[in-house]
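Undergrad: Following this line is model_28.cif, made up of mmCIF, C-alpha atoms:
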data_protein
loop_
_atom_site.group_PDB
_atom_site.id
_atom_site.type_symbol
_atom_site.label_atom_id
_atom_site.label_comp_id
_atom_site.auth_asym_id
_atom_site.auth_seq_id
_atom_site.Cartn_x
_atom_site.Cartn_y
_atom_site.Cartn_z
ATOM 1 C CA ARG A 224 0.000 0.000 0.000
ATOM 2 C CA PHE A 225 1.423 3.379 -1.037
ATOM 3 C CA SER A 226 0.830 6.942 0.034
ATOM 4 C CA MET A 227 2.264 9.514 -2.372
ATOM 5 C CA ALA A 228 1.797 12.252 0.226
ATOM 6 C CA ASP A 229 3.920 10.300 2.687
ATOM 7 C CA THR A 230 6.707 8.033 1.363
ATOM 8 C CA PRO A 231 6.872 5.278 -1.252
ATOM 9 C CA ILE A 232 7.339 2.621 1.448
ATOM 10 C CA THR A 233 4.999 -0.369 1.192
ATOM 11 C CA ARG A 234 2.893 -0.381 4.378
ATOM 12 C CA VAL A 235 2.548 -3.835 6.008
ATOM 13 C CA GLY A 236 2.478 -5.139 9.586
ATOM 14 C CA THR A 237 0.347 -5.145 12.746
ATOM 15 C CA ASN A 238 -0.786 -2.078 14.635
ATOM 16 C CA ILE A 239 1.028 -3.206 17.812
ATOM 17 C CA TYR A 240 4.473 -4.216 16.604
ATOM 18 C CA ALA A 241 4.910 -2.281 13.330
ATOM 19 C CA PRO A 242 6.646 1.145 13.523
ATOM 20 C CA PRO A 243 4.786 4.251 12.247
ATOM 21 C CA GLU A 244 6.764 4.353 8.990
ATOM 22 C CA HIS A 245 5.692 0.781 8.232
ATOM 23 C CA ALA A 246 2.234 0.308 9.804
ATOM 24 C CA PRO A 247 -0.673 0.416 7.316
ATOM 25 C CA VAL A 248 -3.047 2.051 9.819
ATOM 26 C CA MET A 249 -0.708 5.054 10.182
ATOM 27 C CA ILE A 250 -1.018 6.191 6.544
ATOM 28 C CA GLY A 251 -1.923 9.864 6.579
ATOM 29 C CA ASN A 252 -1.403 10.178 10.353
ATOM 30 C CA THR A 253 2.374 10.418 10.492
ATOM 31 C CA GLY A 254 2.788 13.463 8.258
ATOM 32 C CA PRO A 255 5.647 13.696 5.775
ATOM 33 C CA LEU A 256 8.396 11.384 6.993
ATOM 34 C CA ASP A 257 12.063 12.157 6.613
ATOM 35 C CA VAL A 258 12.883 8.573 5.560
ATOM 36 C CA VAL A 259 12.248 7.242 2.089
ATOM 37 C CA ARG A 260 13.348 3.688 2.893
ATOM 38 C CA LEU A 261 13.220 1.380 5.887
ATOM 39 C CA THR A 262 16.248 1.158 8.186
ATOM 40 C CA PRO A 263 17.209 -1.234 11.030
ATOM 41 C CA ALA A 264 15.473 1.235 13.364
ATOM 42 C CA ALA A 265 12.152 -0.219 12.183
ATOM 43 C CA ASP A 266 13.220 -3.661 13.415
ATOM 44 C CA ILE A 267 14.437 -2.133 16.703
ATOM 45 C CA TYR A 268 10.900 -0.781 17.239
ATOM 46 C CA SER A 269 9.350 -4.245 16.762
ATOM 47 C CA LEU A 270 12.069 -5.924 18.846
ATOM 48 C CA ALA A 271 11.479 -3.556 21.767
ATOM 49 C CA LYS A 272 7.774 -4.342 21.838
ATOM 50 C CA SER A 273 8.576 -8.051 21.613
ATOM 51 C CA ILE A 274 10.869 -7.658 24.663
ATOM 52 C CA TYR A 275 7.970 -6.007 26.503
ATOM 53 C CA THR A 276 5.725 -8.987 25.627
ATOM 54 C CA ILE A 277 8.280 -11.539 26.860
ATOM 55 C CA LEU A 278 9.128 -9.807 30.147
ATOM 56 C CA MET A 279 5.647 -8.600 31.086
ATOM 57 C CA GLY A 280 3.753 -11.660 29.894
ATOM 58 C CA GLU A 281 1.302 -9.628 27.808
ATOM 59 C CA ALA A 282 1.293 -7.779 24.499
ATOM 60 C CA PRO A 283 1.647 -3.952 24.594
ATOM 61 C CA ARG A 284 -1.867 -3.389 23.235
ATOM 62 C CA ALA A 285 -2.212 -0.174 25.217
ATOM 63 C CA PHE A 286 0.696 1.271 23.216
ATOM 64 C CA ALA A 287 -0.447 0.347 19.708
ATOM 65 C CA ASN A 288 1.006 2.818 17.204
ATOM 66 C CA ARG A 289 2.695 4.843 19.963
ATOM 67 C CA PRO A 290 5.741 4.618 22.275
ATOM 68 C CA ILE A 291 5.779 2.568 25.477
ATOM 69 C CA THR A 292 5.382 4.990 28.366
ATOM 70 C CA SER A 293 4.670 2.657 31.302
ATOM 71 C CA ILE A 294 4.874 -0.957 32.451
ATOM 72 C CA PRO A 295 2.279 -3.058 34.326
ATOM 73 C CA ILE A 296 1.765 -2.153 37.976
ATOM 74 C CA ASP A 297 2.935 -5.606 39.125
ATOM 75 C CA TYR A 298 6.496 -4.803 37.944
ATOM 76 C CA ARG A 299 6.810 -1.119 38.892
ATOM 77 C CA ASP A 300 8.392 -1.900 42.260
ATOM 78 C CA GLU A 301 11.233 -3.878 40.694
ATOM 79 C CA VAL A 302 14.658 -2.262 40.938
ATOM 80 C CA TRP A 303 15.133 -2.494 37.157
ATOM 81 C CA ALA A 304 11.678 -1.095 36.264
ATOM 82 C CA ASP A 305 12.741 2.519 35.576
ATOM 83 C CA ASP A 306 15.800 1.559 33.524
ATOM 84 C CA LEU A 307 13.810 -0.922 31.443
ATOM 85 C CA LEU A 308 11.058 1.641 30.783
ATOM 86 C CA ARG A 309 13.671 4.192 29.665
ATOM 87 C CA VAL A 310 15.188 1.715 27.157
ATOM 88 C CA LEU A 311 11.807 0.587 25.770
ATOM 89 C CA GLN A 312 10.516 4.150 25.454
ATOM 90 C CA ARG A 313 13.551 5.244 23.474
ATOM 91 C CA ALA A 314 13.383 2.155 21.223
ATOM 92 C CA THR A 315 9.707 2.836 20.371
ATOM 93 C CA GLU A 316 9.899 6.531 19.526
ATOM 94 C CA ASP A 317 7.876 7.692 16.518
ATOM 95 C CA ASP A 318 10.976 9.309 15.083
ATOM 96 C CA ALA A 319 13.189 6.574 13.657
ATOM 97 C CA GLY A 320 16.289 8.709 14.163
ATOM 98 C CA ALA A 321 15.728 8.866 17.935
ATOM 99 C CA ARG A 322 15.793 5.082 18.336
ATOM 100 C CA PRO A 323 18.855 2.826 18.597
ATOM 101 C CA GLN A 324 20.157 2.278 15.094
ATOM 102 C CA SER A 325 21.373 -1.303 15.588
ATOM 103 C CA VAL A 326 20.773 -4.354 17.740
ATOM 104 C CA GLU A 327 24.182 -3.871 19.383
ATOM 105 C CA GLU A 328 23.182 -0.383 20.519
ATOM 106 C CA LEU A 329 19.904 -1.687 21.975
ATOM 107 C CA TRP A 330 21.791 -4.516 23.710
ATOM 108 C CA ASN A 331 24.167 -2.012 25.292
ATOM 109 C CA ASP A 332 21.227 0.080 26.541
ATOM 110 C CA LEU A 333 19.867 -3.061 28.229
ATOM 111 C CA ALA A 334 23.179 -3.835 29.938
ATOM 112 C CA VAL A 335 22.176 -2.248 33.272
ATOM 113 C CA VAL A 336 18.820 -3.984 33.256
ATOM 114 C CA ARG A 337 20.386 -7.343 32.437
ATOM 115 C CA GLU A 338 22.867 -7.066 35.303
ATOM 116 C CA MET A 339 20.113 -6.179 37.785
ATOM 117 C CA ILE A 340 17.961 -9.106 36.709
ATOM 118 C CA GLU A 341 20.853 -11.582 36.761
ATOM 119 C CA LEU A 342 22.306 -10.531 40.093
ATOM 120 C CA GLY A 343 19.103 -9.551 41.848
ATOM 121 C CA GLU A 344 18.522 -6.600 44.123
ATOM 122 C CA GLY A 345 21.101 -7.741 46.736
ATOM 123 C CA GLY A 346 23.902 -8.294 44.249
ATOM 124 C CA GLU A 347 23.790 -12.096 44.452
ATOM 125 C CA VAL A 348 22.102 -14.621 42.253
ATOM 126 C CA GLU A 349 18.939 -15.866 43.877
ATOM 127 C CA ARG A 350 18.060 -19.497 43.257
ATOM 128 C CA VAL A 351 14.709 -20.939 44.274
ATOM 129 C CA GLN A 352 14.805 -24.421 45.753
ATOM 130 C CA GLN A 353 12.616 -26.562 43.516
ATOM 131 C CA ALA A 354 10.270 -28.899 45.349
ATOM 132 C CA GLU A 355 10.521 -32.592 44.617
ATOM 133 C CA PRO A 356 7.874 -33.776 42.177
ATOM 134 C CA GLN A 357 5.004 -35.573 43.845
ATOM 135 C CA PRO A 358 3.039 -38.457 42.337
ATOM 136 C CA HIS A 359 -0.357 -37.433 41.045
ATOM 137 C CA VAL A 360 -3.019 -38.536 38.611
ATOM 138 C CA SER A 361 -3.025 -36.436 35.474
ATOM 139 C CA ARG A 362 -6.252 -34.731 34.511
ATOM 140 C CA GLY A 363 -8.373 -36.911 32.264
ATOM 141 C CA TYR A 364 -6.508 -40.136 33.178
ATOM 142 C CA THR A 365 -8.211 -43.137 34.755
ATOM 143 C CA PRO A 366 -6.438 -46.310 35.954
ATOM 144 C CA LEU A 367 -9.475 -48.462 35.113
ATOM 145 C CA ILE A 368 -9.364 -50.444 31.893
ATOM 146 C CA PRO A 369 -12.417 -49.700 29.714
ATOM 147 C CA GLU A 370 -15.002 -52.421 29.347
ATOM 148 C CA GLN A 371 -14.311 -54.747 26.426
ATOM 149 C CA PRO A 372 -16.893 -54.638 23.601
ATOM 150 C CA ASN A 373 -19.232 -57.616 23.274
ATOM 151 C CA PHE A 374 -19.765 -58.318 19.564
ATOM 152 C CA ASP A 375 -22.594 -60.569 18.444
ATOM 153 C CA ALA A 376 -20.778 -63.151 16.297
ATOM 154 C CA SER A 377 -23.599 -65.716 16.266
ATOM 155 C CA ILE A 378 -24.705 -67.336 13.016
ATOM 156 C CA ASP A 379 -27.619 -69.691 12.290
ATOM 157 C CA GLY A 380 -28.505 -69.893 15.942
ATOM 158 C CA PHE A 381 -24.952 -70.790 17.006
ATOM 159 C CA GLU A 382 -23.462 -68.651 19.750
ATOM 160 C CA PRO A 383 -19.644 -68.970 20.017
ATOM 161 C CA ASN A 384 -18.062 -69.435 23.386
ATOM 162 C CA VAL A 385 -16.830 -65.883 23.937
ATOM 163 C CA GLN A 386 -15.686 -65.064 27.453
ATOM 164 C CA ARG A 387 -14.926 -61.502 28.448
ATOM 165 C CA ALA A 388 -11.494 -61.382 30.006
ATOM 166 C CA SER A 389 -11.124 -59.548 33.283
ATOM 167 C CA PRO A 390 -8.253 -57.044 33.447
ATOM 168 C CA PHE A 391 -7.503 -57.969 37.075
ATOM 169 C CA PRO A 392 -6.806 -61.382 38.653
ATOM 170 C CA PRO A 393 -9.359 -62.584 41.237
ATOM 171 C CA ALA A 394 -8.839 -61.429 44.794
ATOM 172 C CA MET A 395 -7.245 -64.025 47.051
ATOM 173 C CA PRO A 396 -8.307 -64.119 50.699
ATOM 174 C CA ALA A 397 -5.492 -64.392 53.159
ATOM 175 C CA ASP A 398 -7.127 -67.234 55.138
ATOM 176 C CA ARG A 399 -7.615 -69.560 52.130
ATOM 177 C CA PRO A 400 -5.503 -72.729 51.901
ATOM 178 C CA SER A 401 -3.204 -73.189 48.964
ATOM 179 C CA ASN A 402 -4.937 -73.262 45.574
ATOM 180 C CA VAL A 403 -8.405 -74.114 46.955
ATOM 181 C CA GLY A 404 -11.086 -72.750 44.665
ATOM 182 C CA PHE A 405 -8.622 -70.839 42.478
ATOM 183 C CA PRO A 406 -7.515 -71.680 38.957
ATOM 184 C CA PRO A 407 -3.961 -72.941 38.538
ATOM 185 C CA SER A 408 -3.087 -69.927 36.417
ATOM 186 C CA PHE A 409 -2.949 -67.819 39.605
ATOM 187 C CA PRO A 410 -0.719 -69.640 42.122
ATOM 188 C CA ILE A 411 -0.672 -68.744 45.754
ATOM 189 C CA GLN A 412 2.208 -66.482 46.755
ATOM 190 C CA GLY A 413 5.174 -68.504 47.941
ATOM 191 C CA GLU A 414 4.276 -71.705 46.050
ATOM 192 C CA PRO A 415 6.172 -72.861 42.948
ATOM 193 C CA PHE A 416 4.535 -72.102 39.620
ATOM 194 C CA ASN A 417 3.248 -75.255 37.897
ATOM 195 C CA LYS A 418 3.446 -74.560 34.154
ATOM 196 C CA ALA A 419 1.863 -77.900 33.238
ATOM 197 C CA ALA A 420 -1.255 -77.051 35.243
ATOM 198 C CA VAL A 421 -1.978 -73.984 33.173
ATOM 199 C CA LYS A 422 -4.688 -74.784 30.674
ATOM 200 C CA THR A 423 -4.869 -72.919 27.400
ATOM 201 C CA PRO A 424 -8.335 -71.410 26.960
ATOM 202 C CA PRO A 425 -10.216 -72.426 23.803
ATOM 203 C CA ALA A 426 -9.728 -70.163 20.827
ATOM 204 C CA THR A 427 -12.545 -67.750 20.184
ATOM 205 C CA VAL A 428 -14.281 -68.286 16.880
ATOM 206 C CA LEU A 429 -15.048 -65.039 15.105
ATOM 207 C CA VAL A 430 -17.495 -65.298 12.219
ATOM 208 C CA PRO A 431 -17.358 -62.422 9.718
ATOM 209 C CA LEU A 432 -20.664 -60.711 9.070
ATOM 210 C CA LYS A 433 -22.034 -60.950 5.566
ATOM 211 C CA LYS A 434 -22.506 -57.741 3.669
ATOM 212 C CA LYS A 435 -25.366 -58.735 1.425
ATOM 213 C CA ARG A 436 -27.309 -55.555 2.104
ATOM 214 C CA THR A 437 -24.366 -53.322 1.277
ATOM 215 C CA PHE A 438 -23.737 -55.130 -2.013
ATOM 216 C CA ALA A 439 -27.437 -54.976 -2.959
ATOM 217 C CA ARG A 440 -27.530 -51.242 -2.258
ATOM 218 C CA ARG A 441 -24.483 -50.657 -4.444
ATOM 219 C CA VAL A 442 -26.017 -52.648 -7.308
ATOM 220 C CA ALA A 443 -29.309 -50.739 -6.986
ATOM 221 C CA ALA A 444 -27.527 -47.371 -6.908
ATOM 222 C CA PHE A 445 -25.442 -48.274 -9.973
ATOM 223 C CA THR A 446 -28.569 -49.423 -11.866
ATOM 224 C CA ILE A 447 -30.416 -46.190 -11.076
ATOM 225 C CA PHE A 448 -27.425 -44.098 -12.096
ATOM 226 C CA LEU A 449 -27.025 -46.015 -15.381
ATOM 227 C CA THR A 450 -30.742 -45.616 -16.176
ATOM 228 C CA ILE A 451 -30.692 -41.865 -15.540
ATOM 229 C CA PHE A 452 -27.497 -41.402 -17.569
ATOM 230 C CA THR A 453 -28.917 -43.398 -20.517
ATOM 231 C CA GLY A 454 -32.151 -41.378 -20.444
ATOM 232 C CA ILE A 455 -30.279 -38.077 -20.440
ATOM 233 C CA LEU A 456 -28.048 -39.245 -23.306
ATOM 234 C CA TYR A 457 -31.016 -40.398 -25.399
ATOM 235 C CA GLY A 458 -32.951 -37.186 -24.743
ATOM 236 C CA THR A 459 -29.986 -35.035 -25.740
ATOM 237 C CA HIS A 460 -29.500 -37.026 -28.951
ATOM 238 C CA SER A 461 -33.184 -36.749 -29.882
ATOM 239 C CA TYR A 462 -33.233 -32.994 -29.252
ATOM 240 C CA MET A 463 -30.114 -32.363 -31.345
ATOM 241 C CA ARG A 464 -31.508 -34.547 -34.138
ATOM 242 C CA SER A 465 -34.795 -32.639 -34.138
ATOM 243 C CA THR A 466 -33.067 -29.227 -34.330
ATOM 244 C CA GLY A 467 -30.735 -30.354 -37.107
ATOM 245 C CA ILE A 468 -27.550 -29.852 -35.039
ATOM 246 C CA LEU A 469 -26.699 -33.542 -35.144
ATOM 247 C CA PRO A 470 -26.920 -35.222 -38.587
ATOM 248 C CA GLU A 471 -28.768 -38.467 -38.957
ATOM 249 C CA ILE A 472 -26.544 -41.504 -38.570
ATOM 250 C CA ARG A 473 -27.343 -44.221 -41.114
ATOM 251 C CA ASN A 474 -26.080 -47.714 -41.622
ATOM 252 C CA PRO A 475 -23.467 -47.518 -44.414
ATOM 253 C CA PHE A 476 -24.205 -51.130 -45.420
ATOM 254 C CA LYS A 477 -27.951 -50.605 -45.887
ATOM 255 C CA VAL A 478 -29.222 -50.039 -49.454
ATOM 256 C CA ARG A 479 -31.760 -47.184 -49.684
ATOM 257 C CA THR A 480 -34.329 -47.140 -52.461
ATOM 258 C CA ALA A 481 -36.865 -44.646 -53.758
ATOM 259 C CA VAL A 482 -39.625 -44.247 -56.350
ATOM 260 C CA ALA A 483 -39.987 -41.225 -58.668
ATOM 261 C CA ASN A 484 -43.366 -39.533 -58.174
ATOM 262 C CA THR A 485 -43.164 -37.707 -61.527
ATOM 263 C CA ASP A 486 -41.047 -37.400 -64.670
ATOM 264 C CA ILE A 487 -37.801 -35.635 -63.737
ATOM 265 C CA TYR A 488 -34.486 -34.951 -65.442
ATOM 266 C CA LEU A 489 -31.218 -36.344 -64.101
ATOM 267 C CA ARG A 490 -28.575 -33.718 -63.356
ATOM 268 C CA PRO A 491 -24.778 -34.161 -63.369
ATOM 269 C CA GLN A 492 -24.483 -32.155 -60.090
ATOM 270 C CA ALA A 493 -26.700 -31.429 -57.108
ATOM 271 C CA ASN A 494 -28.269 -28.250 -58.596
ATOM 272 C CA THR A 495 -30.216 -27.036 -61.632
ATOM 273 C CA ASP A 496 -27.463 -24.837 -63.057
ATOM 274 C CA ASN A 497 -26.523 -27.470 -65.642
ATOM 275 C CA ASP A 498 -27.922 -29.418 -68.572
ATOM 276 C CA PRO A 499 -29.871 -32.658 -67.994
ATOM 277 C CA ILE A 500 -28.066 -35.923 -68.689
ATOM 278 C CA GLY A 501 -31.045 -38.242 -68.666
ATOM 279 C CA LEU A 502 -34.742 -38.722 -67.914
ATOM 280 C CA VAL A 503 -36.395 -40.603 -65.085
ATOM 281 C CA THR A 504 -40.030 -41.466 -65.683
ATOM 282 C CA LYS A 505 -42.792 -41.630 -63.106
ATOM 283 C CA ASN A 506 -42.859 -44.761 -60.877
ATOM 284 C CA SER A 507 -39.233 -45.544 -61.755
ATOM 285 C CA LYS A 508 -37.386 -47.624 -59.130
ATOM 286 C CA LEU A 509 -34.182 -45.965 -57.948
ATOM 287 C CA LYS A 510 -31.217 -46.845 -55.700
ATOM 288 C CA ILE A 511 -29.788 -43.974 -53.629
ATOM 289 C CA VAL A 512 -25.984 -43.974 -53.593
ATOM 290 C CA ASN A 513 -25.253 -40.512 -52.134
ATOM 291 C CA SER A 514 -26.987 -37.442 -50.731
ATOM 292 C CA GLN A 515 -26.254 -33.716 -50.413
ATOM 293 C CA ASN A 516 -28.689 -31.398 -48.648
ATOM 294 C CA ASN A 517 -32.042 -32.266 -50.300
ATOM 295 C CA TRP A 518 -30.454 -33.741 -53.447
ATOM 296 C CA TYR A 519 -29.881 -37.451 -53.994
ATOM 297 C CA GLN A 520 -27.565 -39.245 -56.383
ATOM 298 C CA VAL A 521 -29.421 -42.286 -57.721
ATOM 299 C CA ASP A 522 -29.003 -45.255 -60.020
ATOM 300 C CA VAL A 523 -32.043 -46.079 -62.171
ATOM 301 C CA VAL A 524 -32.892 -49.699 -61.444
ATOM 302 C CA GLU A 525 -36.105 -49.865 -63.492
ATOM 303 C CA GLN A 526 -37.893 -47.198 -65.547
ATOM 304 C CA GLY A 527 -41.570 -46.615 -64.946
ATOM 305 C CA ARG A 528 -42.281 -46.705 -68.706
ATOM 306 C CA ALA A 529 -40.385 -46.906 -71.950
ATOM 307 C CA ARG A 530 -38.405 -43.839 -73.035
ATOM 308 C CA ALA A 531 -37.993 -42.419 -76.521
ATOM 309 C CA ASN A 532 -34.240 -41.951 -75.970
ATOM 310 C CA SER A 533 -32.905 -45.081 -74.330
ATOM 311 C CA ALA A 534 -29.289 -43.921 -74.568
ATOM 312 C CA SER A 535 -29.562 -41.399 -71.732
ATOM 313 C CA GLN A 536 -27.527 -41.738 -68.498
ATOM 314 C CA SER A 537 -28.815 -43.979 -65.698
ATOM 315 C CA ARG A 538 -26.985 -42.232 -62.805
ATOM 316 C CA GLY A 539 -27.417 -38.635 -61.755
ATOM 317 C CA TRP A 540 -28.795 -36.223 -59.143
ATOM 318 C CA LEU A 541 -32.501 -35.648 -58.362
ATOM 319 C CA ASN A 542 -34.222 -33.234 -56.004
ATOM 320 C CA GLY A 543 -35.738 -34.967 -53.012
ATOM 321 C CA LYS A 544 -39.189 -33.438 -53.481
ATOM 322 C CA TYR A 545 -39.679 -35.621 -56.588
ATOM 323 C CA LEU A 546 -38.839 -38.846 -54.732
ATOM 324 C CA ASP A 547 -40.757 -41.129 -52.414
ATOM 325 C CA ILE A 548 -37.926 -42.545 -50.271
ATOM 326 C CA ASP A 549 -38.311 -45.985 -48.746
ATOM 327 C CA GLU A 550 -37.416 -45.576 -45.071
ATOM 328 C CA ASN A 551 -37.504 -49.320 -44.240
#
Show how you would write the structure in this file as structure tokens.

TA:
Amino acid sequence: RFSMADTPITRVGTNIYAPPEHAPVMIGNTGPLDVVRLTPAADIYSLAKSIYTILMGEAPRAFANRPITSIPIDYRDEVWADDLLRVLQRATEDDAGARPQSVEELWNDLAVVREMIELGEGGEVERVQQAEPQPHVSRGYTPLIPEQPNFDASIDGFEPNVQRASPFPPAMPADRPSNVGFPPSFPIQGEPFNKAAVKTPPATVLVPLKKKRTFARRVAAFTIFLTIFTGILYGTHSYMRSTGILPEIRNPFKVRTAVANTDIYLRPQANTDNDPIGLVTKNSKLKIVNSQNNWYQVDVVEQGRARANSASQSRGWLNGKYLDIDEN
């Protein structure tokens, strides 16, 4: 975005972190600027407001499009508060020439603040004793195993032997004698484990469900789609045939015949701007060999009556209005 009354600098950025010479919302509000190109001072402006965001824990929304003139009340009692505010205010001046012109210069301005923060108010580094982490249950966590799904795998009245496994072994009373009433897979504490006594549970038979309904629905949907598509295609073809856009498609191997409905001269070409080459009498049987517009090139198979001049041509062009064409 350009402003010819200001400078030819393209205006992009946010209203909080962009300097006045770069922020789009400041077009027309900064007056004629002395700079005609961006300098590192523009980045110093954005960096200073980023430092404010990191140290204060919030964005400097109250200082959008203007210098930082104060810090949150929670930090005003800190020993480094005044020095930090002085550095940030200088780095966010509207005039780019009044700001630090490089990152090194800004870093040097922050030297006093950095030393105060590192050493603390008493001149020594303060370290907070971290408490030992305590065991706790994270939010949203449960130690209980979710209930296993019970699928119906029966077929033809047969119900497979599906047993839902328990995630926990059965409780063992302290006053029970050894292995009385308990399966051998859970030995009493202190007794040797008998591997031979462990019985392998029967394998669960899972029968896949048939998808006859899904297949039938797909077949029905495909049939309906094919019917609709065929109907649309046939309707389009009929409409284009009726308007003359699509020519009639004929079988090239079919022989078409016609009968002359009157005496008519044969022409050498499909028009009347030429001399006749023969005569076709009424009720003559003709074979159509070619067509052009409403003209047909025919071979005379049989004359309707005898002609005075039998030496005339037997192939030529006739106008379709003088023919009764056999459509079968």

Undergrad: Expand the PyMOL selection byres ((chain A and resi 298-311) around 9) into the explicit residue set it covers here, and present it as a list in words.

TA: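 For this structure, the PyMOL selection byres ((chain A and resi 298-311) around 9) resolves to Tyr268, Ala271, Lys272, Ile274, Tyr275, Met279, Pro290, Ile291, Thr292, Ser293, Ile294, Pro295, Ile296, Asp297, Gln312, Arg313, Ala314, Thr315, Glu316, Leu329, Asp332, Leu333, Val335, Val336, Arg337, Met339, Ile340, Gly343 and Glu344 of chain A.
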
Undergrad: Can you measure CA of Val482 (chain A) to CA of Gln536 (chain A) for me? One decimal in Å is fine.

TA: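 So the answer is 17.3 Å.
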
Undergrad: Here is a test: counting only C-alpha atoms, which residue of A:Lys544, A:Asn513, A:Ala282, A:Ile277 is nearest to Thr480 (chain A)?

TA: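 Among the listed residues, A:Asn513 lies closest to Thr480 (chain A).
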
Undergrad: Can you work out the spacing between CA of Ala287 (chain A) and CA of Ala264 (chain A) in Å, to one decimal?

TA: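 Atom-to-atom, CA of Ala287 (chain A) and CA of Ala264 (chain A) are spaced 17.2 Å apart.
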
Undergrad: So, with all atoms listed in the file as the atoms that count, which of A:Gln526, A:Thr276, A:Gln520, A:Gln492 lies closest to Lys508 (chain A)?

TA: A:Gln526

Undergrad: Counting all atoms listed in the file, what is within 10 Å of Val326 (chain A), bar same-chain residues fewer than 5 positions away, as a VMD selection string?

TA: chain A and resid 263 to 264 266 to 267 270 331 to 332

Undergrad: How would you write, as a PyMOL selection string, the residues chosen by the PyMOL selection byres ((chain A and resi 537) around 8) on this structure?

TA: chain A and resi 501+522-523+535-536+538-539

Undergrad: Rounded to one decimal place, report the CA of Ile511 (chain A)-CA of Glu525 (chain A) distance in Å.

TA: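 Straight-line distance from CA of Ile511 (chain A) to CA of Glu525 (chain A) works out to 13.1 Å.
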
Undergrad: Out of A:Pro243, A:Gly320, A:Pro369, A:Gly527, which residue has the shortest atom-to-atom distance to Ile487 (chain A) when counting only C-alpha atoms?

TA: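 Answer, going by the shortest atom-to-atom distance: A:Gly527.
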
Undergrad: Could you give me, as JSON, numbers by chain, the residues that sit within 7 Å of (-39.5, -37.1, -64.9) in the file's coordinates, counting all atoms listed in the file?

TA: {"A": [485, 486, 487, 488, 502, 503, 504, 505]}

Undergrad: Looking at all atoms listed in the file, which of A:Ala285, A:Ile455, A:Ile239, A:Ala319 is the one that sits closest to Leu261 (chain A)?

TA: A:Ala319

Undergrad: Can you fill out region 520-530 of chain A with N, CA, C and O atoms and hand it back as a short mmCIF file (atom, residue, chain, number, x, y, z; two decimals), in the coordinates of the input?

TA:
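Okay, this is what ended up in result38.cif:
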data_model
loop_
_atom_site.label_atom_id
_atom_site.label_comp_id
_atom_site.auth_asym_id
_atom_site.auth_seq_id
_atom_site.Cartn_x
_atom_site.Cartn_y
_atom_site.Cartn_z
N GLN A 520 -28.15 -38.60 -55.20
CA GLN A 520 -27.56 -39.24 -56.38
C GLN A 520 -28.11 -40.67 -56.46
O GLN A 520 -28.00 -41.44 -55.51
N VAL A 521 -28.71 -41.02 -57.61
CA VAL A 521 -29.42 -42.29 -57.72
C VAL A 521 -28.92 -43.06 -58.95
O VAL A 521 -28.36 -42.50 -59.90
N ASP A 522 -29.14 -44.37 -58.88
CA ASP A 522 -29.00 -45.26 -60.02
C ASP A 522 -30.40 -45.73 -60.41
O ASP A 522 -31.17 -46.19 -59.53
N VAL A 523 -30.73 -45.64 -61.70
CA VAL A 523 -32.04 -46.08 -62.17
C VAL A 523 -32.02 -47.59 -62.28
O VAL A 523 -31.30 -48.17 -63.10
N VAL A 524 -32.80 -48.24 -61.43
CA VAL A 524 -32.89 -49.70 -61.44
C VAL A 524 -33.90 -50.17 -62.49
O VAL A 524 -33.65 -51.11 -63.26
N GLU A 525 -35.05 -49.49 -62.54
CA GLU A 525 -36.10 -49.86 -63.49
C GLU A 525 -36.94 -48.64 -63.82
O GLU A 525 -37.40 -47.96 -62.90
N GLN A 526 -37.09 -48.33 -65.13
CA GLN A 526 -37.89 -47.20 -65.55
C GLN A 526 -39.37 -47.51 -65.38
O GLN A 526 -39.83 -48.65 -65.51
N GLY A 527 -40.13 -46.44 -65.11
CA GLY A 527 -41.57 -46.62 -64.95
C GLY A 527 -42.27 -46.94 -66.27
O GLY A 527 -43.27 -47.67 -66.28
N ARG A 528 -41.75 -46.42 -67.37
CA ARG A 528 -42.28 -46.70 -68.71
C ARG A 528 -41.15 -46.54 -69.70
O ARG A 528 -40.07 -46.02 -69.36
N ALA A 529 -41.40 -46.97 -70.91
CA ALA A 529 -40.38 -46.91 -71.95
C ALA A 529 -40.11 -45.46 -72.34
O ALA A 529 -41.01 -44.61 -72.35
N ARG A 530 -38.82 -45.19 -72.66
CA ARG A 530 -38.40 -43.84 -73.04
C ARG A 530 -38.10 -43.80 -74.52
O ARG A 530 -37.72 -44.80 -75.13
#
